[in-house]
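Chemist: So that we are looking at the same thing, I have put the structure below in structure tokens.
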Amino acid sequence: MKRHALSTRLWHWLNLACVVILFMSGLNISNAHRYLYWGDAGFSPADAWLAVPRFPGWATIPDYYSLAKARDWHVLMAWPFAIGLLFVWVAMLANRHFWHDLRTTRAEWRAKAVLADVVDHIRLKFDHTHGKYNFLQKLAYGVVLGVFLPGMVFTGLAISPGFEPAAPWLVDLLGGRQSARSLHFIFAFGLFGFFVVHVVLVLLNKPFALLRDMVTGGRAQP
Amino acid sequence: MSGSVGRRGFLAGASALFVGACSKVAETDTAQSLFSAAQGWHRKVHRSLAERKALAKEYPRSAISPSFRGNGSRTVDTDAYRASLAGGFADWRLEVTGMVDTPLSLTLDNIRKLPQRTQITRHDCVEGWSAIGEWTGPQLSVLLEAAGVQEGAKFVVFHCADTYKGGRYYESVDLIDAYHPQTIVAHKLNGEPLPEKNGAPLRMRIERQLGYKHAKYLTAIELVDSLEHIGEGEGGYWEDRAGYQWYAGI
């Protein structure tokens with residue numbers, strides 16, 4: 001029995017490539033109109049709820065301002081990203097990874113238990129005596145897999161005028177096209193925040209062993 | 001302090017390497033054909049998920065944006081245009097040409113007398129912003145039926161009076177979008193004659209695609225079987241100039 005299933009490992013690295021390219025090309029697209037609005041419409045900075053900073057070339061794809069080239073990357077990588085996400089959800093449900101490892105239990109939501117977990121994290125104590133993942137890990141993975149990643153797909157579809165006639169309810173549900181665009185941005189930075197914390201915690205823990213296991217699969221803990 | 005700068009320098013360096021690699025990949029023929037293919041898949045999925053004539057959302061009057069942003073060309077910088085504008089566009093003609101049985105040359109009066117469609121829709125710019133306006137004009141399908149589209153015609157090209165950064169503006173759509181009920185030749189915005197900055201006297205509305213498809217200062221509608229010999233062959237001004245994808249539904 002491997003620690004990480006082949007489907008998990010394949011998706012993990014494919015998804016990393018997709019998210020990095022989507023995020024960096026997305027920053028280039030953001031530079032085209034650096035204002036975010038709520039509702040259906042908006043074009044005047046005076047109506048914006050957020051003026052987004054201009055992202056520097058080293059953080060964007062391509063490394064100079066090109067809306068056309070950034071859109072090419074963005075719209076291409078949306079495919080492996082969305083199909084990969086669907087694949088890993090089917091795999092997680094089929095191999096019961098979700099049920100066994102990622103689902104939180106009611107006991108874990110008790111204030112005392114949550115607090116203990118937070119304190120352990122602050123002390124950088126990462127031994128998982130109960131199951132594979134602790135509560136905060138499950139919560140983080142749950143929010144990423146259940147909200148941020150699918151949220152990127154749905155808000156991305158909702159801001160596409162060619163898709164809207166197929167599911168106008170989706171745009172309405174998200175509060176209008178400009179709200180969907182704002183949420184697209186918020187979820188993207190939610191993912192970025194997860195990425196930073198995820199990498200830092202791996203580095204503080206056992207980076208070599210954790211990376212190796214995410215490639216080879218590793219051995220399941222008894 | 002120096003540690004944090006070093007780390008930031010390392011991150012920026014790693015990022016630059018990665019971005020550089022992406023640029024190299026992007027220049028290859030394989031990448032270019034993948035980019036085009038990806039747009040094609042999106043178009044096919046959009047088209048297969050919705051009815052061919054499925055409508056873009058229409059809004060109540062209360063949703064109309066207080067002013068409608070003018071983007072790209074905000075006028076046509078010629079004496080002929082200024083004279084035409086001053087004369088209420090009495091001399092303006094819209095030609096319907098190319099692969100049609102009966103070429104047409106229409107005055108604004110001719111166009112106003114056709115059956116009209118009024119729609120309050122949202123305009124989405126490729127840059128990301130949106131504005132809502134009420135557009136009035138005949139459906140393009142009415143003009144196409146009057147002219148009689150010949151067999152083999154595959155695209156409708158919109159020729160414009162304006163030049164942008166030295167190039168003549170044009171755009172094109174396929175016949176599915178051309179015959180879509182909300183594809184209209186608009187001569188009114190919010191009940192008033194089309195303002196100069198929004199494309200006076202005539203502009204296209206292609207409601208299921210981004211703003212760069214909505215050709216302004218419209219002078220001719222040409223039916224063709226291929227886009228190869230129009231402009232530089234990519235199907236539109238921005239497609240030729242900057243490499244925007246021809247399908248603008250995303």
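Every chain in the structure tokens takes a letter, A first, then B, and so on in the order presented; its residues are numbered from 1, and the ligands are numbered from 1 following the presented order.
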Taking only C-alpha atoms into account, what are the residues of chain B at most 9 Å from chain A, put as a ChimeraX atom specification?
Modeler: /B:12-13,15-16,19-20,22-23,26,32,34-39,42-43,45-51,54-57,63,65,68-69,122-124,126-132,207-210,238-239,242-245,248-250
Chemist: I need the strand (DSSP E or B) residues of stretch 8-195 of chain B per DSSP on the backbone, written as a ChimeraX atom specification.
Modeler: /B:94-98,100,104-106,117-124,130-137,139,149,155-164,167-174,184-186,188-189,192-193
Chemist: As a VMD selection string, please: all residues of stretch 30-245 of chain B that backbone DSSP puts in alpha helix (DSSP H).
Modeler: chain B and resid 30 to 49 79 to 86 108 to 113 140 to 147 175 to 178 237 to 242
Chemist: Write the residues of the selection above to a file with C-alpha atoms, as a CSV table (one decimal), in the first residue's frame.
Modeler:
chain,number,residue,atom,x,y,z
B,30,THR,CA,3.3,23.1,-31.7
B,31,ALA,CA,2.4,25.6,-29.0
B,32,GLN,CA,0.8,28.0,-31.5
B,33,SER,CA,-1.4,25.2,-33.0
B,34,LEU,CA,-2.3,24.1,-29.5
B,35,PHE,CA,-3.4,27.6,-28.6
B,36,SER,CA,-5.6,27.8,-31.6
B,37,ALA,CA,-6.9,24.3,-31.0
B,38,ALA,CA,-7.8,25.2,-27.4
B,39,GLN,CA,-9.9,28.1,-28.6
B,40,GLY,CA,-11.6,25.8,-31.1
B,41,TRP,CA,-12.5,23.3,-28.3
B,42,HIS,CA,-13.9,26.2,-26.2
B,43,ARG,CA,-16.0,27.3,-29.2
B,44,LYS,CA,-17.3,23.8,-29.9
B,45,VAL,CA,-18.1,23.2,-26.2
B,46,HIS,CA,-19.9,26.6,-26.0
B,47,ARG,CA,-21.8,25.8,-29.1
B,48,SER,CA,-22.8,22.3,-28.1
B,49,LEU,CA,-23.9,23.2,-24.6
B,79,ASP,CA,-12.4,65.1,-43.1
B,80,ALA,CA,-15.0,63.0,-44.9
B,81,TYR,CA,-16.1,61.5,-41.6
B,82,ARG,CA,-16.3,64.9,-39.9
B,83,ALA,CA,-18.4,66.2,-42.8
B,84,SER,CA,-20.6,63.2,-42.7
B,85,LEU,CA,-21.1,63.5,-38.9
B,86,ALA,CA,-21.9,67.2,-39.3
B,108,LEU,CA,-29.4,55.1,-42.7
B,109,ASP,CA,-33.0,55.8,-43.6
B,110,ASN,CA,-33.2,52.4,-45.4
B,111,ILE,CA,-31.8,50.8,-42.3
B,112,ARG,CA,-34.2,52.6,-39.9
B,113,LYS,CA,-37.2,51.4,-42.0
B,140,LEU,CA,-28.1,41.2,-39.6
B,141,SER,CA,-30.1,38.1,-40.8
B,142,VAL,CA,-32.7,40.6,-42.3
B,143,LEU,CA,-29.9,42.2,-44.4
B,144,LEU,CA,-28.5,38.8,-45.3
B,145,GLU,CA,-31.8,37.5,-46.5
B,146,ALA,CA,-32.5,40.6,-48.5
B,147,ALA,CA,-29.1,40.2,-50.3
B,175,LEU,CA,-22.7,32.3,-40.2
B,176,ILE,CA,-23.9,30.9,-36.9
B,177,ASP,CA,-23.1,34.2,-35.2
B,178,ALA,CA,-24.2,36.2,-38.2
B,237,TYR,CA,-7.7,43.8,-36.8
B,238,TRP,CA,-6.6,42.6,-33.4
B,239,GLU,CA,-6.2,39.1,-34.7
B,240,ASP,CA,-3.8,40.4,-37.3
B,241,ARG,CA,-2.1,43.0,-35.2
B,242,ALA,CA,-1.7,41.4,-31.8
Chemist: Considering only C-alpha atoms, return as a PyMOL selection string whatever protein or nucleic-acid residues lie within 9 Å of stretch 190-192 of chain A, sequence-local ones (same chain, fewer than 6 positions apart) excluded.
Modeler: chain A and resi 19+23+144+148-149
Chemist: What would the file look like if the residues just selected were written as a JSON list (two decimals), in the first residue's frame with N, CA and C atoms?
Modeler:
[["chain", "number", "residue", "atom", "x", "y", "z"],
["A", 19, "VAL", "N", -1.66, 25.29, -12.46],
["A", 19, "VAL", "CA", -1.98, 26.43, -11.59],
["A", 19, "VAL", "C", -0.92, 27.52, -11.71],
["A", 23, "PHE", "N", -1.95, 31.02, -13.06],
["A", 23, "PHE", "CA", -1.82, 32.16, -12.15],
["A", 23, "PHE", "C", -0.97, 33.26, -12.77],
["A", 144, "VAL", "N", -9.41, 23.87, -0.61],
["A", 144, "VAL", "CA", -8.74, 23.97, -1.91],
["A", 144, "VAL", "C", -9.44, 23.08, -2.95],
["A", 148, "PHE", "N", -11.83, 26.42, -3.80],
["A", 148, "PHE", "CA", -10.96, 27.27, -4.63],
["A", 148, "PHE", "C", -10.77, 26.70, -6.04],
["A", 149, "LEU", "N", -10.39, 25.41, -6.15],
["A", 149, "LEU", "CA", -10.10, 24.87, -7.48],
["A", 149, "LEU", "C", -11.35, 24.80, -8.36]]
Chemist: Within 7 Å of B:Leu94, counting only C-alpha atoms, which residues show up once you throw out same-chain ones fewer than 4 positions away? Write them as JSON, numbers by chain, please.
Modeler: {"B": [105, 106, 107, 219, 220]}
Chemist: Keeping only C-alpha atoms, write the selected residues to a file as a PDB file, in the first residue's frame.
Modeler:
ATOM      1  CA  SER B 105     -26.178  49.824 -50.745  1.00  0.00           C
ATOM      2  CA  LEU B 106     -28.255  51.123 -47.862  1.00  0.00           C
ATOM      3  CA  THR B 107     -28.742  54.604 -46.428  1.00  0.00           C
ATOM      4  CA  THR B 219     -19.245  50.735 -43.952  1.00  0.00           C
ATOM      5  CA  ALA B 220     -19.572  47.301 -45.558  1.00  0.00           C
TER       6      ALA B 220
END
Chemist: From the list B:Val100, B:Ala186, B:Val149, B:Cys125, which residue is nearest B:Gly72 when using only C-alpha atoms?
Modeler: B:Cys125
Chemist: Using only C-alpha atoms, which of A:Ala220, A:His12, A:Met152, A:Leu211 sits nearest A:Leu183?
Modeler: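 Using only C-alpha atoms, the shortest distance to A:Leu183 belongs to A:Met152.
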Chemist: For B:Gln139, please output as JSON, numbers by chain all residues within 7 Å (counting only C-alpha atoms; exclusion window: fewer than 5 positions along the same chain).
Modeler: {"B": [117, 181, 182, 183, 184, 185]}
